[in-house]
$ cat run_36.txt   # compact mmCIF, C-alpha atoms
# COMPACT_ATOMS: atom_id res chain seq x y z
CA MET A 1 -37.82 97.54 160.24
CA ALA A 2 -36.66 94.11 159.24
CA GLU A 3 -37.90 91.08 161.13
CA SER A 4 -35.48 89.24 163.33
CA ALA A 5 -34.00 86.04 162.01
CA SER A 6 -32.53 83.06 163.83
CA PRO A 7 -33.49 84.32 167.29
CA GLY A 8 -31.92 81.28 168.94
CA ALA A 9 -28.57 81.55 167.17
CA ALA A 10 -25.45 82.45 169.14
CA ASP A 11 -24.06 85.95 168.79
CA ASP A 12 -20.98 84.93 166.84
CA GLU A 13 -23.11 82.87 164.44
CA LEU A 14 -25.38 85.87 163.84
CA LEU A 15 -22.32 88.00 163.27
CA ARG A 16 -21.01 85.57 160.65
CA GLN A 17 -24.38 85.58 158.90
CA ALA A 18 -24.48 89.37 158.98
CA ALA A 19 -20.95 89.55 157.57
CA GLY A 20 -22.19 87.30 154.76
CA GLY A 21 -24.84 89.87 153.85
CA ASP A 22 -27.77 88.73 156.00
CA GLY A 23 -29.28 91.99 157.21
CA ARG A 24 -31.87 90.22 159.33
CA ALA A 25 -29.15 88.52 161.36
CA PHE A 26 -27.69 91.92 162.15
CA HIS A 27 -31.10 93.23 163.24
CA THR A 28 -31.40 90.25 165.59
CA LEU A 29 -28.07 91.20 167.14
CA VAL A 30 -29.33 94.74 167.53
CA ASP A 31 -32.48 93.54 169.29
CA ARG A 32 -30.35 91.45 171.60
CA HIS A 33 -27.87 94.13 172.66
CA ALA A 34 -29.54 97.51 172.13
CA GLN A 35 -31.08 97.90 175.60
CA ARG A 36 -27.93 96.91 177.44
CA LEU A 37 -25.79 99.25 175.33
CA PHE A 38 -28.30 102.05 175.70
CA ARG A 39 -28.20 101.85 179.51
CA LEU A 40 -24.40 101.84 179.37
CA ALA A 41 -24.46 104.84 177.03
CA VAL A 42 -26.81 106.74 179.37
CA SER A 43 -24.46 106.15 182.27
CA LEU A 44 -21.53 107.35 180.15
CA VAL A 45 -23.01 110.43 178.48
CA GLY A 46 -25.67 111.29 181.04
CA ASN A 47 -28.82 111.70 178.95
CA ALA A 48 -31.12 109.54 176.84
CA ALA A 49 -31.08 111.61 173.62
CA ASP A 50 -27.31 111.59 173.26
CA ALA A 51 -27.15 107.98 174.44
CA GLU A 52 -29.46 107.01 171.57
CA ASP A 53 -27.12 108.72 169.09
CA VAL A 54 -24.14 106.93 170.61
CA VAL A 55 -25.91 103.57 170.34
CA GLN A 56 -26.81 104.26 166.70
CA GLU A 57 -23.21 105.12 165.92
CA THR A 58 -22.10 102.00 167.78
CA PHE A 59 -24.20 99.67 165.63
CA ALA A 60 -23.34 101.59 162.46
CA GLY A 61 -19.67 101.18 163.33
CA ALA A 62 -20.18 97.51 164.13
CA PHE A 63 -21.92 96.96 160.78
CA LYS A 64 -19.10 98.61 158.88
CA GLY A 65 -16.54 96.57 160.82
CA LEU A 66 -18.31 93.21 160.60
CA ARG A 67 -15.51 91.62 158.61
CA ALA A 68 -12.90 92.96 161.01
CA PHE A 69 -14.30 90.96 163.93
CA GLU A 70 -11.74 88.28 164.71
CA GLY A 71 -13.63 86.40 167.38
CA ARG A 72 -10.92 86.82 170.03
CA ALA A 73 -13.37 88.58 172.34
CA SER A 74 -17.08 87.89 172.69
CA VAL A 75 -19.54 89.84 170.55
CA LYS A 76 -20.76 91.51 173.74
CA THR A 77 -17.25 92.71 174.61
CA TRP A 78 -16.65 93.79 171.01
CA LEU A 79 -19.86 95.85 170.92
CA THR A 80 -19.13 97.34 174.34
CA ARG A 81 -15.69 98.39 173.15
CA ILE A 82 -17.20 100.09 170.10
CA LEU A 83 -19.70 101.84 172.36
CA PHE A 84 -16.93 103.20 174.57
CA THR A 85 -15.07 104.43 171.49
CA GLN A 86 -18.21 106.15 170.21
CA ALA A 87 -18.92 107.68 173.63
CA ALA A 88 -15.37 109.06 173.73
CA LYS A 89 -15.85 110.47 170.22
CA TRP A 90 -19.14 112.02 171.29
CA ARG A 91 -17.39 113.71 174.22
CA ARG A 92 -14.63 115.04 171.96
CA ASP A 93 -17.12 116.37 169.39
CA ARG A 94 -19.23 117.93 172.08
CA GLY A 95 -16.22 119.54 173.69
CA ARG A 96 -15.18 120.94 170.30
CA ARG A 97 -18.69 122.26 169.56
CA GLU A 98 -19.10 123.86 172.94
CA GLY A 99 -15.47 124.88 173.26
CA GLY A 100 -15.36 123.80 176.86
CA ARG A 101 -14.54 120.85 179.05
CA ARG A 102 -18.12 120.11 179.99
CA ASP A 103 -18.75 116.68 178.61
CA TYR A 104 -21.56 115.28 180.66
CA ARG A 105 -25.13 116.42 180.92
CA PRO A 106 -27.28 115.42 183.85
CA LEU A 107 -30.49 113.58 183.11
CA GLU A 108 -33.11 116.08 182.09
CA SER A 109 -36.46 114.79 183.21
CA ALA A 110 -37.83 113.02 186.25
CA GLU A 111 -38.50 109.93 184.14
CA GLU A 112 -34.91 109.86 183.03
CA GLN A 113 -33.52 110.25 186.50
CA ALA A 114 -31.57 107.35 187.86
CA THR A 115 -32.88 107.23 191.39
CA VAL A 116 -32.48 105.10 194.44
CA SER A 117 -35.37 104.32 196.71
CA ASP A 118 -35.25 106.14 200.01
CA GLU A 119 -35.72 103.03 202.14
CA ILE A 120 -32.40 101.51 201.19
CA PHE A 121 -30.21 104.18 202.70
CA GLY A 122 -32.69 105.78 205.03
CA ILE A 123 -32.32 109.26 203.63
CA GLY A 124 -35.08 111.64 202.79
CA ALA A 125 -33.71 112.95 199.54
CA ARG A 126 -33.42 111.11 196.28
CA ILE A 127 -29.87 110.26 195.49
CA ASP A 128 -28.83 111.09 192.00
CA LEU A 129 -26.08 108.64 191.37
CA GLN A 130 -25.77 109.94 187.82
CA ALA A 131 -24.82 113.34 189.18
CA ALA A 132 -22.07 111.79 191.29
CA LEU A 133 -20.88 109.70 188.35
CA GLY A 134 -20.95 112.74 186.11
CA ARG A 135 -18.45 114.50 188.32
CA LEU A 136 -15.94 111.69 188.17
CA SER A 137 -13.12 111.63 185.67
CA GLU A 138 -13.86 109.79 182.44
CA GLU A 139 -11.54 106.92 183.37
CA HIS A 140 -13.11 106.43 186.76
CA ARG A 141 -16.64 106.63 185.43
CA GLU A 142 -15.88 103.99 182.79
CA VAL A 143 -14.54 101.37 185.18
CA LEU A 144 -17.36 101.90 187.66
CA VAL A 145 -20.02 101.63 184.99
CA LEU A 146 -18.53 98.43 183.58
CA ARG A 147 -18.12 96.84 186.98
CA GLU A 148 -21.23 97.99 188.81
CA PHE A 149 -23.84 98.27 186.06
CA GLU A 150 -22.51 95.58 183.73
CA GLY A 151 -21.02 93.27 186.35
CA MET A 152 -18.02 92.65 184.11
CA ALA A 153 -15.00 90.71 185.33
CA TYR A 154 -11.64 92.51 185.42
CA GLU A 155 -10.34 90.59 182.40
CA GLU A 156 -13.34 91.57 180.30
CA MET A 157 -13.05 95.18 181.42
CA ALA A 158 -9.38 95.12 180.42
CA GLU A 159 -10.40 93.96 176.93
CA VAL A 160 -13.05 96.65 176.57
CA LEU A 161 -10.77 99.45 177.72
CA GLY A 162 -7.60 98.10 176.17
CA VAL A 163 -5.52 98.27 179.35
CA PRO A 164 -3.85 95.59 181.51
CA ARG A 165 -5.85 93.83 184.22
CA GLY A 166 -3.68 95.38 186.95
CA THR A 167 -4.60 98.85 185.69
CA ILE A 168 -8.27 97.96 186.01
CA GLU A 169 -7.76 96.85 189.60
CA SER A 170 -5.98 100.01 190.71
CA ARG A 171 -8.19 102.32 188.64
CA LEU A 172 -11.33 100.79 190.12
CA HIS A 173 -9.93 101.24 193.61
CA ARG A 174 -9.25 104.92 192.99
CA ALA A 175 -12.61 105.39 191.27
CA ARG A 176 -14.45 104.01 194.28
CA ASN A 177 -12.52 106.31 196.59
CA GLU A 178 -13.48 109.27 194.43
CA LEU A 179 -17.12 108.22 194.24
CA ARG A 180 -17.26 107.76 198.00
CA GLU A 181 -16.06 111.33 198.47
CA ARG A 182 -18.62 112.63 195.98
CA LEU A 183 -21.41 110.78 197.71
CA ARG A 184 -20.27 112.06 201.09
CA SER A 185 -20.48 115.58 199.72
CA TYR A 186 -24.20 114.85 199.07
CA GLY A 187 -24.53 113.59 202.63
CA VAL A 188 -24.67 109.95 201.60
CA GLU A 189 -22.67 107.39 203.49
CA PRO A 190 -22.71 104.25 201.37
CA ARG A 191 -22.08 101.67 204.05
CA GLU A 192 -23.61 98.39 204.98
CA SER A 193 -24.00 97.74 208.66
CA GLN A 194 -22.82 94.13 208.49
CA ARG A 195 -19.89 92.50 206.85
CA MET B 1 -5.01 109.12 206.74
CA THR B 2 -2.76 106.42 205.31
CA GLU B 3 -4.57 103.56 203.62
CA CYS B 4 -3.91 100.03 204.70
CA SER B 5 -1.70 98.22 202.18
CA TYR B 6 -4.46 95.65 201.73
CA SER B 7 -7.05 98.25 200.76
CA GLU B 8 -6.81 97.67 197.01
CA GLN B 9 -7.06 93.94 197.50
CA VAL B 10 -10.17 94.42 199.60
CA SER B 11 -11.72 95.98 196.50
CA ALA B 12 -10.75 92.95 194.40
CA PHE B 13 -11.98 90.68 197.20
CA HIS B 14 -15.34 92.45 197.11
CA ASP B 15 -15.52 91.89 193.34
CA GLY B 16 -14.72 88.19 193.69
CA GLU B 17 -11.53 88.67 191.67
CA LEU B 18 -9.06 87.03 194.07
CA ASP B 19 -8.05 83.39 193.92
CA ALA B 20 -8.92 81.18 196.88
CA ALA B 21 -5.56 81.58 198.65
CA SER B 22 -5.48 85.39 198.36
CA GLY B 23 -9.14 85.54 199.38
CA ALA B 24 -8.39 83.58 202.55
CA VAL B 25 -5.57 85.98 203.40
CA ILE B 26 -7.91 88.96 203.07
CA GLU B 27 -10.61 87.20 205.13
CA ARG B 28 -8.14 86.83 208.00
CA HIS B 29 -6.89 90.37 207.56
CA LEU B 30 -10.40 91.79 207.75
CA ASP B 31 -10.83 90.29 211.20
CA SER B 32 -7.86 92.22 212.50
CA CYS B 33 -8.10 95.49 210.50
CA PRO B 34 -11.13 97.71 211.27
CA PRO B 35 -10.32 100.22 208.44
CA CYS B 36 -10.37 97.43 205.86
CA ALA B 37 -13.56 96.01 207.39
CA ASP B 38 -15.08 99.50 207.07
CA ARG B 39 -13.81 99.70 203.52
CA LEU B 40 -15.55 96.44 202.63
CA ALA B 41 -18.79 97.67 204.18
CA GLU B 42 -18.52 100.82 202.05
CA LEU B 43 -17.89 98.84 198.90
CA ARG B 44 -20.93 96.69 199.55
CA GLY B 45 -23.01 99.77 200.24
CA MET B 46 -21.88 101.34 196.96
CA SER B 47 -22.68 98.21 195.02
CA ARG B 48 -26.17 98.17 196.54
CA LEU B 49 -26.53 101.79 195.53
CA PHE B 50 -25.72 100.92 191.92
CA ALA B 51 -27.94 97.84 192.00
CA ALA B 52 -30.88 99.90 193.26
CA THR B 53 -30.42 102.43 190.49
CA THR B 54 -32.75 102.20 187.55
CA LEU B 55 -31.53 103.45 184.22
CA PRO B 56 -33.90 104.38 181.39
CA HIS B 57 -34.76 101.95 178.62
CA LEU B 58 -34.55 102.65 174.93
CA SER B 59 -38.13 103.37 173.89
CA GLN B 60 -39.99 101.55 171.11
CA ILE B 61 -39.64 104.66 168.96
CA GLY B 62 -35.94 104.73 169.71
CA MET B 63 -35.63 101.08 168.69
CA HIS B 64 -37.54 101.83 165.50
CA ARG B 65 -35.22 104.74 164.72
CA LEU B 66 -32.22 102.50 165.33
CA HIS B 67 -33.47 99.76 163.00
CA SER B 68 -34.43 102.31 160.33
CA ARG B 69 -30.95 103.85 160.44
CA LEU B 70 -29.40 100.41 160.07
CA ASP B 71 -31.77 99.52 157.23
CA ALA B 72 -30.58 102.62 155.39
CA LEU B 73 -27.00 101.59 156.04
CA ILE B 74 -27.57 98.03 154.81
CA ASP B 75 -29.48 99.24 151.73
CA GLY B 76 -26.77 101.82 151.09
CA GLY B 77 -24.25 99.01 151.13
CA LEU B 78 -26.25 97.12 148.50
CA VAL B 79 -26.49 100.20 146.30
CA ARG B 80 -22.74 100.70 146.58
CA LEU B 81 -22.24 97.03 145.67
CA ALA B 82 -24.54 97.41 142.66
CA ARG B 83 -22.58 100.48 141.54
CA VAL B 84 -19.30 98.65 141.84
CA MET B 85 -20.67 95.67 139.89
CA THR B 86 -22.01 97.98 137.19
CA GLY B 87 -18.66 99.69 136.96
CA ILE B 88 -16.87 96.36 136.63
CA ALA B 89 -19.33 95.22 133.93
CA ALA B 90 -18.81 98.47 132.01
CA ALA B 91 -15.05 98.09 132.23
CA VAL B 92 -15.22 94.48 130.99
CA LEU B 93 -17.44 95.56 128.08
CA LEU B 94 -15.06 98.34 127.12
CA VAL B 95 -11.97 96.16 127.29
CA GLY B 96 -13.77 93.39 125.36
CA SER B 97 -14.81 95.82 122.64
CA LEU B 98 -11.29 97.18 122.29
CA TRP B 99 -9.91 93.66 122.13
CA LEU B 100 -12.40 92.68 119.39
CA ILE B 101 -11.53 95.73 117.34
CA ARG B 102 -7.84 95.07 117.62
CA SER B 103 -8.14 91.35 116.86
CA GLN B 104 -10.12 91.86 113.61
CA PRO B 105 -8.34 91.07 110.24
CA ALA B 106 -6.13 93.83 108.94
CA PRO B 107 -7.94 96.57 107.05
CA VAL B 108 -8.53 96.09 103.28
CA ALA B 109 -6.18 98.90 102.30
CA SER B 110 -3.21 97.08 103.75
CA ASN B 111 -3.40 94.26 101.12
CA PRO B 112 -2.47 95.90 97.77
CA ALA B 113 -3.57 93.02 95.50
CA ARG B 114 -6.88 92.58 97.19
CA ALA B 115 -7.33 96.30 97.42
CA SER B 116 -6.87 96.78 93.70
CA SER B 117 -9.47 94.10 92.89
CA VAL B 118 -11.89 95.68 95.28
CA VAL B 119 -11.24 99.08 93.76
CA ALA B 120 -11.83 97.61 90.30
CA MET B 121 -15.14 96.13 91.40
CA VAL B 122 -16.19 99.41 92.87
CA LEU B 123 -15.31 101.30 89.69
CA GLN B 124 -17.17 98.76 87.62
CA THR B 125 -20.23 99.19 89.72
CA GLU B 126 -19.97 102.93 89.49
CA GLU B 127 -19.67 102.72 85.73
CA SER B 128 -22.75 100.58 85.48
CA ILE B 129 -24.58 103.07 87.59
CA GLN B 130 -23.32 106.01 85.59
CA GLN B 131 -24.01 104.34 82.18
CA PRO B 132 -27.23 105.87 80.78
CA ALA B 133 -29.93 103.34 80.32
CA VAL B 134 -30.68 102.53 76.63
CA GLU B 135 -33.97 104.05 75.89
CA VAL B 136 -36.35 101.60 74.31
CA GLY B 137 -38.89 103.42 72.27
CA PRO B 138 -42.30 101.97 71.21
CA ASN B 139 -41.14 101.38 67.63
CA ASP B 140 -38.12 99.36 68.74
CA TRP B 141 -40.37 97.26 70.89
CA ILE B 142 -42.63 96.44 67.91
CA VAL B 143 -39.62 95.50 65.74
CA GLN B 144 -38.32 93.25 68.46
CA GLU B 145 -41.65 91.48 68.68
CA LEU B 146 -41.82 90.97 64.93
CA ASP B 147 -38.28 89.50 64.92
CA ARG B 148 -39.51 86.75 67.21
$ encode --input "run_36.txt" --output "structure tokens"
Amino acid sequence: MAESASPGAADDELLRQAAGGDGRAFHTLVDRHAQRLFRLAVSLVGNAADAEDVVQETFAGAFKGLRAFEGRASVKTWLTRILFTQAAKWRRDRGRREGGRRDYRPLESAEEQATVSDEIFGIGARIDLQAALGRLSEEHREVLVLREFEGMAYEEMAEVLGVPRGTIESRLHRARNELRERLRSYGVEPRESQR
Amino acid sequence: MTECSYSEQVSAFHDGELDAASGAVIERHLDSCPPCADRLAELRGMSRLFAATTLPHLSQIGMHRLHSRLDALIDGGLVRLARVMTGIAAAVLLVGSLWLIRSQPAPVASNPARASSVVAMVLQTEESIQQPAVEVGPNDWIVQELDR
């Protein structure tokens, strides 16, 4: 593994250095974004092993496309967009291999489980949010993950997904309605008592 | 149940995506619309649900695998570059060699005068080679010495 170079440099500067042949600059970018992208990948594909593959493909794709980066979006947005493309490709490949529509695997072990502490919602059972997310349509899952896990603004989400801002707004609204129904089917009422 | 027409905007309000004027409109609306107030409470509850969710981290081994894969990719790029450079160098050498061959003076055979003199020289040399050496016997050598 190469050592990281220029740890204080901005993302776009590191990207320029990497495009100029500096492999260490690219490794620094990887160190900076890998964990965030991995968590996103887990929430998109549903398990750590496949998420790792998706993240690897994301950085491999980014490396091959270094010179294509135009700087119109941030490096973070650019990488996130590549990740979403790779996750979609993973789903297509998986669907082809398995010949079915099942494109999301629930987390496999207790350590991998995305859980919510019982005290927050006062329920006895652990809530598997991943399971609820996994039952949403791909479009709805994507907007929820970007908004709720990444905290992205609508404009940024529109750049990542390549759709107009208005589409994000309406899609997010429908996604939340769908998630609410899924959670209700698990007996979870996601409501705060005060406004 | 029919949704309130402001429902979608309540979602944007919750995300802090409305400008000040639109936000103020929704604030006032929430005071007079219990379904939208409920909707906002739900949205906040969902966001807390997400915030309280812990997702797994990429392990050290996973990070190592990722860097190793990228190292191979970067090294592979260098090898490809070296191959391309070698190919270009070989092409330049070949073209240069062809150019040198073509730019050399015309072959000897194409100049009749010069060719004939060269042929004559060659024949002369061959004759001198073919001419048997005059054998100098011991008696001749003694006579030659006495002549001196």
$ closest_residue --input "run_36.txt" --among "A:Ala153, A:Leu136, A:Ile168, A:Ala19" --to "Ala68 of chain A" --atoms "all atoms listed in the file"
A:Ala19
$ atom_distance --input "run_36.txt" --atom1 "atom CA of Glu138 of chain A" --atom2 "atom CA of Arg91 of chain A"
9.8 Å
$ residues_around --input "run_36.txt" --residues "His140 of chain A" --least-positions-apart "4" --cutoff "12 Å" --atoms "all atoms listed in the file" --output "ChimeraX atom specification"
/A:44,132-136,144-148,161,167-179
$ closest_residue --input "run_36.txt" --among "A:Gly20, A:Ala25, A:Gln35, A:Val163" --to "chain B" --atoms "all atoms listed in the file"
A:Gln35
$ closest_residue --input "run_36.txt" --among "A:Trp78, A:Phe26, A:Phe84, A:Phe69" --to "chain B" --atoms "all atoms listed in the file"
A:Phe26
$ closest_residue --input "run_36.txt" --among "B:Cys4, B:Leu73, B:Leu40, B:Gln9" --to "Ala24 of chain B" --atoms "only C-alpha atoms"
B:Gln9
$ interface_residues --input "run_36.txt" --of "chain B" --to "chain A" --cutoff "9 Å" --atoms "only C-alpha atoms" --output "PyMOL selection string"
chain B and resi 7-9+11-12+15-17+37-58+62-71+73-74
$ residues_around --input "run_36.txt" --residues "Val54 of chain A" --least-positions-apart "4" --cutoff "9 Å" --atoms "all atoms listed in the file" --output "JSON, numbers by chain"
{"A": [38, 41, 45, 49, 50, 58, 59, 83, 86, 87, 90]}
$ atom_distance --input "run_36.txt" --atom1 "atom CA of Val160 of chain A" --atom2 "atom CA of Thr85 of chain A"
9.5 Å
$ atom_distance --input "run_36.txt" --atom1 "atom CA of Leu14 of chain A" --atom2 "atom CA of Leu29 of chain A"
6.8 Å
$ closest_residue --input "run_36.txt" --among "A:Arg141, A:Arg165, A:Arg96, A:Asp11" --to "Ser74 of chain A" --atoms "only C-alpha atoms"
A:Asp11
$ closest_residue --input "run_36.txt" --among "B:Thr86, B:Tyr6, B:Gly76, B:Ile101" --to "Leu30 of chain B" --atoms "all atoms listed in the file"
B:Tyr6
$ decode --input "run_36.txt" --residues "segment 43-58 of chain A" --atoms "N, CA and C atoms" --output "compact mmCIF listing (two decimals), in the first residue's frame"
# COMPACT_ATOMS: atom_id res chain seq x y z
N SER A 43 -25.62 0.70 2.22
CA SER A 43 -27.05 1.05 2.26
C SER A 43 -27.71 0.87 0.89
N LEU A 44 -26.91 0.81 -0.16
CA LEU A 44 -27.48 0.60 -1.50
C LEU A 44 -27.58 -0.87 -1.87
N VAL A 45 -26.54 -1.65 -1.52
CA VAL A 45 -26.55 -3.06 -1.95
C VAL A 45 -26.89 -4.02 -0.82
N GLY A 46 -26.82 -3.54 0.42
CA GLY A 46 -27.36 -4.32 1.53
C GLY A 46 -26.40 -5.24 2.25
N ASN A 47 -25.16 -5.37 1.80
CA ASN A 47 -24.22 -6.21 2.54
C ASN A 47 -22.79 -5.74 2.31
N ALA A 48 -21.93 -6.02 3.31
CA ALA A 48 -20.58 -5.46 3.32
C ALA A 48 -19.69 -6.02 2.21
N ALA A 49 -19.83 -7.33 1.92
CA ALA A 49 -18.93 -7.94 0.92
C ALA A 49 -19.16 -7.32 -0.46
N ASP A 50 -20.41 -7.23 -0.86
CA ASP A 50 -20.71 -6.64 -2.16
C ASP A 50 -20.41 -5.14 -2.16
N ALA A 51 -20.65 -4.51 -1.03
CA ALA A 51 -20.36 -3.06 -0.93
C ALA A 51 -18.87 -2.81 -1.16
N GLU A 52 -18.03 -3.71 -0.63
CA GLU A 52 -16.58 -3.54 -0.82
C GLU A 52 -16.23 -3.64 -2.31
N ASP A 53 -16.84 -4.60 -2.99
CA ASP A 53 -16.61 -4.73 -4.45
C ASP A 53 -17.03 -3.46 -5.18
N VAL A 54 -18.19 -2.94 -4.79
CA VAL A 54 -18.71 -1.74 -5.45
C VAL A 54 -17.76 -0.56 -5.23
N VAL A 55 -17.24 -0.45 -4.01
CA VAL A 55 -16.31 0.65 -3.71
C VAL A 55 -15.01 0.48 -4.51
N GLN A 56 -14.54 -0.75 -4.62
CA GLN A 56 -13.33 -0.99 -5.43
C GLN A 56 -13.56 -0.57 -6.87
N GLU A 57 -14.70 -0.98 -7.41
CA GLU A 57 -15.01 -0.63 -8.80
C GLU A 57 -15.17 0.89 -8.95
N THR A 58 -15.68 1.51 -7.91
CA THR A 58 -15.87 2.97 -7.94
C THR A 58 -14.52 3.67 -8.08
